[in-house]
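Reproduced below: model24.cif, with mmCIF, C-alpha atoms.
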data_entry
loop_
_atom_site.label_atom_id
_atom_site.label_comp_id
_atom_site.auth_asym_id
_atom_site.auth_seq_id
_atom_site.Cartn_x
_atom_site.Cartn_y
_atom_site.Cartn_z
CA MET A 699 27.74 33.80 84.11
CA ILE A 700 25.07 33.90 86.78
CA GLY A 701 25.70 30.34 87.67
CA GLU A 702 29.37 30.91 88.20
CA ASN A 703 30.79 30.54 91.70
CA LEU A 704 31.35 33.97 93.23
CA MET A 705 34.68 32.84 94.55
CA SER A 706 36.07 31.79 91.17
CA PRO A 707 39.60 32.99 90.46
CA LYS A 708 38.37 35.58 87.96
CA PHE A 709 36.11 36.97 90.57
CA ALA A 710 38.73 37.00 93.19
CA ILE A 711 41.07 39.01 90.95
CA ALA A 712 38.25 41.45 90.22
CA LEU A 713 37.63 41.79 93.94
CA LEU A 714 41.28 42.45 94.64
CA ALA A 715 41.29 45.08 91.89
CA VAL A 716 38.30 46.83 93.48
CA VAL A 717 39.92 46.73 96.88
CA ALA A 718 43.13 48.11 95.43
CA VAL A 719 41.20 50.90 93.67
CA ALA A 720 39.38 51.68 96.91
CA GLY A 721 42.81 52.50 98.27
CA CYS A 722 43.09 49.81 100.89
CA ALA A 723 46.17 48.31 99.32
CA SER A 724 48.23 46.15 101.61
CA ALA A 725 50.11 48.70 103.69
CA PRO A 726 53.88 48.35 104.35
CA LYS A 727 54.44 46.01 107.28
CA SER A 728 56.17 48.71 109.36
CA ASN A 729 55.10 52.13 110.56
CA ALA A 730 57.44 54.73 111.99
CA GLN A 731 54.96 56.22 114.46
CA LEU A 732 54.00 52.78 115.71
CA ASP A 733 57.67 51.88 116.12
CA SER A 734 58.18 55.02 118.13
CA ALA A 735 55.16 54.23 120.30
CA ARG A 736 56.39 50.68 120.80
CA GLN A 737 59.82 51.94 121.85
CA ALA A 738 58.33 54.37 124.34
CA TYR A 739 56.17 51.60 125.76
CA LYS A 740 59.11 49.21 126.13
CA THR A 741 61.09 51.86 127.99
CA ALA A 742 58.20 52.58 130.31
CA VAL A 743 57.43 48.96 131.09
CA ALA A 744 61.11 48.31 131.84
CA ASP A 745 61.04 51.00 134.52
CA ALA A 746 60.25 49.25 137.79
CA GLN A 747 58.67 52.34 139.30
CA VAL A 748 56.29 52.76 136.33
CA ALA A 749 55.47 49.05 136.21
CA ARG A 750 54.72 49.04 139.93
CA THR A 751 52.67 52.21 140.22
CA ALA A 752 50.86 52.46 136.86
CA PRO A 753 49.93 48.93 135.76
CA VAL A 754 46.46 49.95 134.52
CA GLU A 755 47.78 52.78 132.36
CA LEU A 756 50.48 50.49 130.95
CA TYR A 757 47.86 47.86 130.17
CA ASN A 758 45.76 50.41 128.27
CA ALA A 759 48.83 51.56 126.36
CA GLU A 760 49.65 48.00 125.43
CA ALA A 761 46.11 47.36 124.26
CA SER A 762 46.32 50.32 121.90
CA LEU A 763 49.74 49.15 120.74
CA ARG A 764 48.42 45.64 119.97
CA GLN A 765 45.47 47.13 118.14
CA GLY A 766 47.83 49.18 115.98
CA GLU A 767 50.05 46.22 115.30
CA ARG A 768 47.09 44.04 114.35
CA LEU A 769 45.88 46.65 111.90
CA LEU A 770 49.37 46.99 110.48
CA GLN A 771 49.54 43.25 109.87
CA GLU A 772 46.11 43.33 108.24
CA GLY A 773 47.34 45.98 105.84
CA ALA A 774 45.22 48.84 107.13
CA GLU A 775 45.76 52.43 106.13
CA PRO A 776 48.62 54.22 107.89
CA ALA A 777 46.14 56.70 109.35
CA GLN A 778 44.36 53.85 111.08
CA VAL A 779 47.58 52.36 112.43
CA GLU A 780 48.85 55.75 113.52
CA HIS A 781 45.62 56.46 115.36
CA TYR A 782 46.42 53.61 117.71
CA ALA A 783 50.09 54.53 117.77
CA TYR A 784 49.02 57.98 119.03
CA LEU A 785 46.75 56.50 121.67
CA ALA A 786 49.51 54.11 122.76
CA GLU A 787 52.02 56.94 123.04
CA ARG A 788 49.62 59.12 125.06
CA ARG A 789 48.71 56.27 127.39
CA THR A 790 52.38 55.38 127.91
CA ALA A 791 53.10 59.00 128.75
CA THR A 792 50.17 58.94 131.19
CA ALA A 793 51.65 55.86 132.88
CA VAL A 794 54.95 57.71 133.28
CA GLU A 795 53.16 60.69 134.86
CA VAL A 796 51.32 58.41 137.27
CA ALA A 797 54.69 56.99 138.33
CA LYS A 798 56.04 60.50 138.85
CA LEU A 799 53.01 61.31 140.99
CA ALA A 800 53.59 58.21 143.11
CA ALA A 801 57.25 59.11 143.55
CA ALA A 802 56.34 62.68 144.51
CA GLU A 803 53.74 61.46 147.03
CA GLU A 804 56.33 59.25 148.66
CA ALA A 805 58.77 62.14 148.75
CA ILE A 806 56.03 64.23 150.39
CA ARG A 807 55.54 61.56 153.03
CA ASN A 808 59.27 61.35 153.69
CA ALA A 809 59.69 65.10 153.72
CA GLY A 810 56.73 65.38 156.06
CA MET A 811 58.38 62.96 158.46
CA GLU A 812 61.71 64.73 158.15
CA ARG A 813 60.06 68.05 158.91
CA ASP A 814 58.26 66.60 161.91
CA LEU A 815 61.54 65.21 163.23
CA LEU A 816 63.24 68.56 162.72
CA LEU A 817 60.40 70.34 164.51
CA ILE A 818 60.77 67.94 167.40
CA GLU A 819 64.53 68.47 167.41
CA SER A 820 64.08 72.22 167.24
CA ARG A 821 61.66 72.19 170.16
CA THR A 822 63.86 69.84 172.16
CA ARG A 823 66.81 72.14 171.66
CA GLU A 824 64.73 75.13 172.62
CA ALA A 825 63.51 73.33 175.71
CA ASP A 826 67.07 72.36 176.60
CA ALA A 827 68.27 75.89 176.04
CA ALA A 828 65.44 77.22 178.17
CA THR A 829 66.27 74.72 180.89
CA ARG A 830 69.91 75.71 180.72
CA ARG A 831 69.04 79.38 180.90
CA ALA A 832 66.74 78.72 183.83
CA ALA A 833 69.51 76.81 185.61
CA GLU A 834 71.95 79.63 184.96
CA GLU A 835 69.38 82.12 186.22
CA ALA A 836 68.89 80.05 189.34
CA GLN A 837 72.64 79.90 189.82
CA ARG A 838 72.97 83.63 189.41
CA ALA A 839 70.12 84.21 191.81
CA GLN A 840 71.75 81.84 194.28
CA ALA A 841 75.09 83.62 193.92
CA ALA A 842 73.37 86.97 194.42
CA ARG A 843 71.63 85.69 197.53
CA GLN A 844 74.90 84.35 198.83
CA GLU A 845 76.60 87.64 198.19
CA ALA A 846 73.82 89.47 199.95
CA THR A 847 74.17 87.12 202.92
CA GLU A 848 77.91 87.66 202.96
CA ILE A 849 77.48 91.41 202.82
CA ALA A 850 75.00 91.22 205.65
CA GLU A 851 77.39 89.07 207.65
CA ARG A 852 80.26 91.42 207.00
CA ALA A 853 78.12 94.34 208.08
CA LYS A 854 77.17 92.50 211.25
CA LYS A 855 80.78 91.62 211.90
CA LEU A 856 81.74 95.20 211.37
CA GLU A 857 79.08 96.32 213.78
CA ALA A 858 80.35 93.78 216.29
CA GLN A 859 83.89 94.97 215.81
CA VAL A 860 82.91 98.55 216.17
CA ALA A 861 80.88 97.66 219.23
CA ALA A 862 83.85 95.72 220.63
CA LEU A 863 86.03 98.71 220.10
CA LYS A 864 83.63 100.69 222.19
CA ALA A 865 84.10 103.54 219.78
CA LYS A 866 81.43 106.16 220.10
CA PRO A 867 79.84 107.81 217.11
CA THR A 868 80.28 111.55 217.30
CA ASP A 869 79.90 114.38 214.85
CA ARG A 870 83.57 113.86 213.99
CA GLY A 871 83.07 110.16 213.29
CA LEU A 872 83.68 107.08 215.40
CA VAL A 873 85.86 107.99 218.35
CA LEU A 874 87.72 105.55 220.52
CA THR A 875 88.98 106.99 223.79
CA LEU A 876 92.01 105.73 225.69
CA GLY A 877 91.83 106.95 229.24
CA ASP A 878 94.58 108.30 231.46
CA VAL A 879 94.95 105.06 233.41
CA LEU A 880 96.32 103.39 230.32
CA PHE A 881 99.44 105.53 230.44
CA ASP A 882 102.14 105.78 233.08
CA VAL A 883 101.67 108.90 235.15
CA GLY A 884 102.98 111.99 233.39
CA LYS A 885 104.59 109.81 230.73
CA ALA A 886 103.82 108.64 227.25
CA THR A 887 104.41 104.94 227.84
CA LEU A 888 101.43 102.64 227.39
CA LYS A 889 100.53 100.35 230.28
CA PRO A 890 99.84 96.67 229.58
CA GLY A 891 96.16 97.30 230.19
CA ALA A 892 96.08 99.47 227.04
CA LEU A 893 97.37 96.73 224.82
CA ARG A 894 94.11 94.84 224.60
CA THR A 895 92.42 97.92 223.13
CA ILE A 896 95.42 98.54 220.88
CA ASP A 897 95.21 94.90 219.65
CA GLN A 898 91.51 95.25 218.92
CA LEU A 899 92.12 98.46 217.03
CA ALA A 900 94.97 96.85 215.07
CA THR A 901 92.70 93.94 214.10
CA PHE A 902 90.00 96.38 213.11
CA MET A 903 92.45 98.33 210.95
CA ARG A 904 93.62 95.14 209.25
CA GLU A 905 90.10 94.06 208.40
CA GLN A 906 88.93 97.51 207.41
CA ALA A 907 91.73 98.16 204.98
CA GLY A 908 90.40 101.49 203.76
CA ARG A 909 90.19 103.16 207.11
CA LYS A 910 92.56 105.70 208.58
CA VAL A 911 92.79 107.06 212.11
CA LEU A 912 93.56 110.44 213.60
CA ILE A 913 95.17 109.95 217.04
CA GLU A 914 94.70 113.01 219.19
CA GLY A 915 96.33 113.51 222.56
CA TYR A 916 94.86 115.75 225.34
CA THR A 917 95.99 116.71 228.86
CA ASP A 918 94.53 118.51 231.85
CA SER A 919 95.44 122.11 232.66
CA ILE A 920 98.10 121.37 235.30
CA GLY A 921 101.58 122.26 234.21
CA SER A 922 102.91 124.48 231.43
CA ASP A 923 101.29 124.67 228.05
CA GLU A 924 104.54 123.57 226.48
CA PHE A 925 104.81 120.52 228.68
CA ASN A 926 101.21 119.54 228.13
CA LEU A 927 101.45 120.01 224.40
CA ARG A 928 104.56 117.89 224.32
CA LEU A 929 103.02 115.17 226.48
CA SER A 930 99.84 115.04 224.44
CA GLU A 931 101.83 114.68 221.23
CA ASP A 932 104.05 112.00 222.73
CA ARG A 933 101.08 109.98 223.93
CA ALA A 934 99.45 110.15 220.53
CA ARG A 935 102.69 108.98 218.93
CA ALA A 936 103.02 106.16 221.43
CA VAL A 937 99.68 104.80 220.28
CA ARG A 938 100.81 105.22 216.67
CA TYR A 939 104.00 103.22 217.24
CA ALA A 940 102.08 100.52 219.03
CA LEU A 941 99.81 100.15 216.01
CA ILE A 942 102.75 100.15 213.59
CA ASP A 943 104.26 97.37 215.70
CA ARG A 944 101.06 95.51 215.02
CA GLN A 945 101.47 95.73 211.21
CA VAL A 946 99.26 98.71 210.59
CA ALA A 947 100.66 100.84 207.75
CA PRO A 948 102.11 104.13 209.05
CA ASP A 949 100.41 106.26 206.41
CA ARG A 950 97.06 105.30 207.85
CA LEU A 951 97.94 106.78 211.24
CA LEU A 952 97.91 110.54 211.82
CA THR A 953 98.71 112.13 215.16
CA ARG A 954 98.03 115.46 216.83
CA GLY A 955 98.59 116.87 220.28
CA TYR A 956 96.26 119.54 221.68
CA GLY A 957 97.66 119.94 225.15
CA LYS A 958 95.04 121.27 227.56
CA MET A 959 92.71 122.40 224.76
CA TYR A 960 89.28 120.92 224.29
CA PRO A 961 88.73 119.55 227.77
CA VAL A 962 85.77 117.22 228.20
CA ALA A 963 85.37 117.84 231.88
CA THR A 964 86.17 120.47 234.45
CA ASN A 965 89.80 120.86 235.48
CA ASP A 966 88.77 121.89 239.01
CA THR A 967 88.26 118.33 240.27
CA ALA A 968 90.66 115.41 240.28
CA ALA A 969 88.08 113.28 238.53
CA GLY A 970 87.51 115.92 235.88
CA ARG A 971 91.21 116.33 235.29
CA GLN A 972 91.62 112.61 234.91
CA GLN A 973 88.92 112.59 232.26
CA ASN A 974 90.69 115.35 230.38
CA ARG A 975 93.89 113.37 230.30
CA ARG A 976 93.04 111.15 227.35
CA VAL A 977 93.90 110.04 223.83
CA GLU A 978 91.09 110.11 221.32
CA ILE A 979 91.31 107.98 218.19
CA VAL A 980 89.02 109.26 215.45
CA ILE A 981 88.26 106.54 212.93
CA SER A 982 87.67 107.53 209.32
CA ASP A 983 84.90 106.25 207.09
CA LEU A 984 85.46 103.26 204.87
CA ASN A 985 87.19 105.41 202.25
CA GLY A 986 89.71 106.86 204.66
CA VAL A 987 88.20 110.32 204.89
CA LEU A 988 88.98 111.91 208.22
CA PRO A 989 87.56 115.04 209.75
CA ASN A 990 89.87 118.01 209.86
CA ALA A 991 92.19 118.24 212.83
CA ARG A 992 91.06 120.65 215.40
CA ARG A 993 92.71 124.04 215.63
CA MET B 959 24.11 40.07 79.85
CA PHE B 960 24.42 43.64 81.01
CA SER B 961 22.26 42.99 84.06
CA THR B 962 24.47 40.02 85.00
CA VAL B 963 27.60 42.19 84.86
CA THR B 964 25.81 44.81 86.94
CA LYS B 965 24.76 42.22 89.47
CA LYS B 966 28.32 40.87 89.71
CA LEU B 967 29.75 44.32 89.94
CA THR B 968 27.27 45.14 92.69
CA ALA B 969 28.17 41.91 94.45
CA ALA B 970 31.85 42.67 94.03
CA VAL B 971 31.41 46.17 95.37
CA SER B 972 29.39 44.80 98.32
CA ILE B 973 32.07 42.26 99.13
CA ALA B 974 34.72 44.86 98.59
CA ALA B 975 32.82 47.13 100.90
CA ALA B 976 32.62 44.31 103.43
CA ALA B 977 36.36 43.69 103.01
CA LEU B 978 36.98 47.39 103.48
CA LEU B 979 34.90 47.32 106.60
CA ALA B 980 36.74 44.28 107.85
CA ALA B 981 40.03 46.05 107.11
CA GLY B 982 38.74 48.94 109.20
CA CYS B 983 38.74 51.43 106.38
CA ALA B 984 35.05 52.29 106.83
CA SER B 985 34.12 55.93 107.44
CA LYS B 986 30.45 55.56 108.06
CA GLY B 987 28.40 54.62 111.11
CA ALA B 988 26.61 56.43 113.94
CA PRO B 989 27.76 59.71 115.50
CA PRO B 990 30.35 58.92 118.20
CA LEU B 991 28.28 60.36 121.07
CA GLU B 992 29.71 58.02 123.69
CA GLN B 993 33.33 58.76 122.77
CA MET B 994 32.69 62.50 122.77
CA ALA B 995 30.96 62.33 126.15
CA THR B 996 33.92 60.39 127.55
CA ALA B 997 36.34 62.93 126.12
CA ARG B 998 34.35 65.79 127.60
CA ALA B 999 34.31 64.12 131.03
CA SER B 1000 38.08 63.54 130.89
CA ILE B 1001 38.63 67.18 130.01
CA ASN B 1002 36.54 68.26 133.00
CA GLN B 1003 38.51 65.97 135.25
CA ALA B 1004 41.77 67.40 133.93
CA GLU B 1005 40.47 70.91 134.65
CA GLY B 1006 39.67 69.77 138.16
CA ALA B 1007 43.27 68.64 138.58
CA ARG B 1008 44.45 72.17 137.59
CA ALA B 1009 45.68 71.08 134.17
CA ARG B 1010 45.23 74.67 132.99
CA GLU B 1011 48.14 75.62 135.25
CA PHE B 1012 50.28 72.52 135.17
CA ALA B 1013 49.62 70.81 131.78
CA PRO B 1014 48.25 73.54 129.53
CA VAL B 1015 49.63 72.12 126.28
CA GLU B 1016 48.04 68.71 126.71
CA LEU B 1017 44.75 70.22 127.89
CA LEU B 1018 44.59 72.56 124.91
CA ALA B 1019 45.29 69.67 122.53
CA ALA B 1020 42.39 67.75 124.06
CA ARG B 1021 40.02 70.71 123.75
CA GLU B 1022 40.99 71.35 120.14
CA LYS B 1023 40.51 67.76 119.13
CA LEU B 1024 37.11 67.59 120.79
CA ALA B 1025 36.07 70.77 118.96
CA GLU B 1026 37.25 69.22 115.70
CA ALA B 1027 35.31 66.04 116.54
CA GLU B 1028 32.17 68.12 117.01
CA SER B 1029 32.65 69.85 113.63
CA ALA B 1030 33.33 66.51 111.97
CA THR B 1031 30.11 65.17 113.49
CA GLN B 1032 28.25 68.15 112.03
CA ARG B 1033 29.66 67.23 108.62
CA LYS B 1034 28.58 63.62 109.23
CA GLU B 1035 32.21 62.45 109.11
CA PHE B 1036 31.54 60.08 111.99
CA GLY B 1037 34.64 57.96 111.54
CA ALA B 1038 36.93 60.96 111.72
CA ALA B 1039 34.90 62.40 114.60
CA ARG B 1040 35.21 59.17 116.57
CA ALA B 1041 38.98 59.01 116.06
CA LEU B 1042 39.33 62.65 117.15
CA ALA B 1043 37.21 62.04 120.24
CA GLU B 1044 39.37 59.06 121.23
CA LYS B 1045 42.52 61.09 120.78
CA ALA B 1046 40.99 63.95 122.79
CA GLU B 1047 40.24 61.58 125.65
CA ALA B 1048 43.84 60.28 125.63
CA ASP B 1049 45.16 63.85 125.64
CA ALA B 1050 42.88 64.81 128.53
CA SER B 1051 43.92 61.77 130.62
CA LEU B 1052 47.53 62.67 130.07
CA ALA B 1053 46.83 66.30 130.99
CA GLU B 1054 45.21 65.20 134.25
CA ALA B 1055 48.02 62.81 135.19
CA LYS B 1056 50.67 65.36 134.38
CA ALA B 1057 48.90 68.11 136.33
CA ARG B 1058 48.69 65.91 139.42
CA ALA B 1059 52.35 64.97 139.10
CA VAL B 1060 53.56 68.56 138.66
CA SER B 1061 51.42 69.76 141.55
CA ALA B 1062 52.83 67.05 143.81
CA GLN B 1063 56.36 67.85 142.73
CA ASN B 1064 55.79 71.51 143.61
CA THR B 1065 54.64 70.43 147.05
CA VAL B 1066 57.82 68.38 147.44
CA GLN B 1067 59.91 71.43 146.61
CA ASP B 1068 57.98 73.60 149.06
CA LEU B 1069 58.48 71.01 151.78
CA GLN B 1070 62.18 70.72 151.04
CA ARG B 1071 62.53 74.50 151.19
CA SER B 1072 60.78 74.66 154.54
CA ILE B 1073 62.98 71.83 155.83
CA ALA B 1074 66.10 73.72 154.76
CA THR B 1075 64.83 76.83 156.50
CA LEU B 1076 64.08 74.83 159.62
CA ARG B 1077 67.59 73.38 159.63
CA GLN B 1078 69.08 76.86 159.31
CA GLU B 1079 66.95 78.04 162.22
CA ILE B 1080 68.18 75.19 164.38
CA GLU B 1081 71.82 75.89 163.44
CA ARG B 1082 71.39 79.58 164.14
CA ARG B 1083 69.87 79.02 167.57
CA ALA B 1084 72.56 76.53 168.53
CA LYS B 1085 75.15 79.29 168.39
#

For the structure just supplied, provide its representation as structure tokens.
Amino acid sequence: MIGENLMSPKFAIALLAVVAVAGCASAPKSNAQLDSARQAYKTAVADAQVARTAPVELYNAEASLRQGERLLQEGAEPAQVEHYAYLAERRTATAVEVAKLAAAEEAIRNAGMERDLLLIESRTREADAATRRAAEEAQRAQAARQEATEIAERAKKLEAQVAALKAKPTDRGLVLTLGDVLFDVGKATLKPGALRTIDQLATFMREQAGRKVLIEGYTDSIGSDEFNLRLSEDRARAVRYALIDRQVAPDRLLTRGYGKMYPVATNDTAAGRQQNRRVEIVISDLNGVLPNARR
Amino acid sequence: MFSTVTKKLTAAVSIAAAALLAAGCASKGAPPLEQMATARASINQAEGARAREFAPVELLAAREKLAEAESATQRKEFGAARALAEKAEADASLAEAKARAVSAQNTVQDLQRSIATLRQEIERRAK
């Protein structure tokens, strides 16, 4: 028996028997876990994103898969085959995670750009809004300046008007005096010379819409009290009618006659008496407040 | 005659053993120090990528398998230990990759939230 060839059929059968007893029988040519791993791998490799971003991980997975398949074909124990099936499945899963990471990093880049653009837009809008507000501010300031200028001009004009009127400021207010020469002697009719003053006063009243006037007539002491009182009232009214003729509202024009009362000069001289024969026009403030009439 | 049978049996067993080895059924060899070191390094890397937070299951699996590999080594079951170490390394690599992916995805969400907020701000100010 010693001389027999070791590879004789008898020997081969014996060998097979030992191998079978050792438990390394030819395994079934399929393995569920390996199939599952193969399926997972095929899915992953078919995904363009995974194939593009995780080629190394896919290669490692495939190597494990091939190892498992080789062992399966060689009839290895299921445990052996499944070891490589496990490794293949884990490495495939790793490849998928690497692809997810790549996708997330790209999303981060895009989001970063989007946020930068939004920040720029936000700042641009803020800048525009600030510019607009500044322009509006400037406009308002300009308008305010203009208004101030206009007010100043109106005030100047008013001063000029008042000055033109030759009205004197007194403790009773602005007083415009129409002298005796502006009336016919002993009568209440206005001479042409008075009309210029009346016109100026009418213009003043039109432009100073809130003002009122108190027209007060005075005489000298010659003649009866009754006559003088009557004359002074008539003269005051004559001025009133002249202003009404010039479109000044009647309710803005009050009249009083004082006769010989409240002289401004002595009645002993002709000059003094002439001064006493007058009509005083007291001009109210801007709100139409007049001093009380004299007693 | 008996010695011849013994010799043949021995030869058969040797060949069978060789066949077993060739079939990959062997359980003997050296302790799988290299594989365990690799697994340990992968686990550390996964920790570094915050796998504890973002891939705890996979990380734990890796740790457990490595611990089992170490016990198997103690019991001189080197084949089993080696297989466990390889599995542990694969688990740890997956844990690391997953942790990085989850972390990046969280960043994406944060960015998208801040973009939405920014848009709302812009809309609000435009009124």

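Residues matched by the PyMOL selection byres ((chain A and resi 914) around 7) in this file: Leu912, Ile913, Gly915, Tyr916, Ala934, Thr953, Arg954, Gly955, Val977, Glu978 and Ile979 of chain A.
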
Given the selection you just returned, output its residues as a file containing C-alpha atoms, formatted as a short mmCIF file (atom, residue, chain, number, x, y, z; two decimals), in the coordinates of the input.
data_model
loop_
_atom_site.label_atom_id
_atom_site.label_comp_id
_atom_site.auth_asym_id
_atom_site.auth_seq_id
_atom_site.Cartn_x
_atom_site.Cartn_y
_atom_site.Cartn_z
CA LEU A 912 93.56 110.44 213.60
CA ILE A 913 95.17 109.95 217.04
CA GLY A 915 96.33 113.51 222.56
CA TYR A 916 94.86 115.75 225.34
CA ALA A 934 99.45 110.15 220.53
CA THR A 953 98.71 112.13 215.16
CA ARG A 954 98.03 115.46 216.83
CA GLY A 955 98.59 116.87 220.28
CA VAL A 977 93.90 110.04 223.83
CA GLU A 978 91.09 110.11 221.32
CA ILE A 979 91.31 107.98 218.19
#

- request: Just say which residues the PyMOL selection byres ((chain B and resi 1047) around 12) picks in this file, as a ChimeraX atom specification.
  value: /A:784-785,788-789,792 /B:992-1004,1016-1024,1027,1040-1046,1048-1054

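Rounded to one decimal, CA of Leu952 in chain A and CA of Val911 in chain A lie 6.2 Å from each other.
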
Write out as a tab-separated table a residue-level contact list of chain A versus chain B with cut-off 6 Å: for each qualifying residue the closest pair of atoms and the distance in Å to one decimal, counting all atoms listed in the file, rows sorted by chain and residue number upward.
residue	atom	partner	partner_atom	distance
A:Leu713	CA	B:Ala970	CA	5.8
A:Val717	CA	B:Ala974	CA	5.8
A:Ala774	CA	B:Ala981	CA	5.9
A:Arg788	CA	B:Ala1048	CA	5.9
A:Thr792	CA	B:Leu1052	CA	4.7
A:Glu795	CA	B:Lys1056	CA	5.3
A:Val796	CA	B:Ala1055	CA	5.9
A:Lys798	CA	B:Ala1059	CA	5.8
A:Leu799	CA	B:Ala1059	CA	4.2
A:Ala802	CA	B:Gln1063	CA	5.5
A:Ile806	CA	B:Val1066	CA	5.4
A:Arg813	CA	B:Ile1073	CA	5.7
A:Ser820	CA	B:Ile1080	CA	5.8

Export of the given selection (C-alpha atoms) as a compact mmCIF listing (two decimals), in the coordinates of the input:
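Wrote it out as result-v1.txt, contents follow:
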# COMPACT_ATOMS: atom_id res chain seq x y z
CA LEU A 713 37.63 41.79 93.94
CA VAL A 717 39.92 46.73 96.88
CA ALA A 774 45.22 48.84 107.13
CA ARG A 788 49.62 59.12 125.06
CA THR A 792 50.17 58.94 131.19
CA GLU A 795 53.16 60.69 134.86
CA VAL A 796 51.32 58.41 137.27
CA LYS A 798 56.04 60.50 138.85
CA LEU A 799 53.01 61.31 140.99
CA ALA A 802 56.34 62.68 144.51
CA ILE A 806 56.03 64.23 150.39
CA ARG A 813 60.06 68.05 158.91
CA SER A 820 64.08 72.22 167.24

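In this model, the gap between CA of Leu927 in chain A and CA of Leu876 in chain A comes to 17.2 Å.
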
task: In the coordinates of the file, take the point (55.4, 55.8, 139.6) and a cut-off of 6 Å; then, counting only C-alpha atoms, name each qualifying protein, DNA or RNA residue as a list in words.
output: Gln747, Val748, Thr751, Val796, Ala797, Lys798, Ala800 and Ala801 of chain A

task: Could you list the residues chosen by the PyMOL selection byres ((chain A and resi 767) around 10) in this structure as a count of residues only?
output: 23

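CA of Thr901 in chain A is found 14.1 Å from CA of Arg938 in chain A.
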
Exercise: residues within 10 Å of coordinate (97.4, 105.8, 208.5), counting only C-alpha atoms, as a compact mmCIF listing (two decimals) with C-alpha atoms, in the coordinates of the input:
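Saved as selection-v3.txt:
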# COMPACT_ATOMS: atom_id res chain seq x y z
CA MET A 903 92.45 98.33 210.95
CA GLY A 908 90.40 101.49 203.76
CA ARG A 909 90.19 103.16 207.11
CA LYS A 910 92.56 105.70 208.58
CA VAL A 911 92.79 107.06 212.11
CA LEU A 912 93.56 110.44 213.60
CA ILE A 913 95.17 109.95 217.04
CA ARG A 938 100.81 105.22 216.67
CA LEU A 941 99.81 100.15 216.01
CA ILE A 942 102.75 100.15 213.59
CA VAL A 946 99.26 98.71 210.59
CA ALA A 947 100.66 100.84 207.75
CA PRO A 948 102.11 104.13 209.05
CA ASP A 949 100.41 106.26 206.41
CA ARG A 950 97.06 105.30 207.85
CA LEU A 951 97.94 106.78 211.24
CA LEU A 952 97.91 110.54 211.82
CA THR A 953 98.71 112.13 215.16
CA SER A 982 87.67 107.53 209.32
CA GLY A 986 89.71 106.86 204.66

field: Neighbour list for Ala1039 in chain B as a PyMOL selection string, cut-off 7 Å, all atoms listed in the file, skip fewer than 6 positions in-chain
entry: chain B and resi 990+1027-1028+1030-1031

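Of the residues under consideration (A:Glu905, A:Asp882, A:Asp869, A:Glu931), A:Asp869 shows the shortest atom-to-atom contact distance to Pro989 in chain A when counting only C-alpha atoms.
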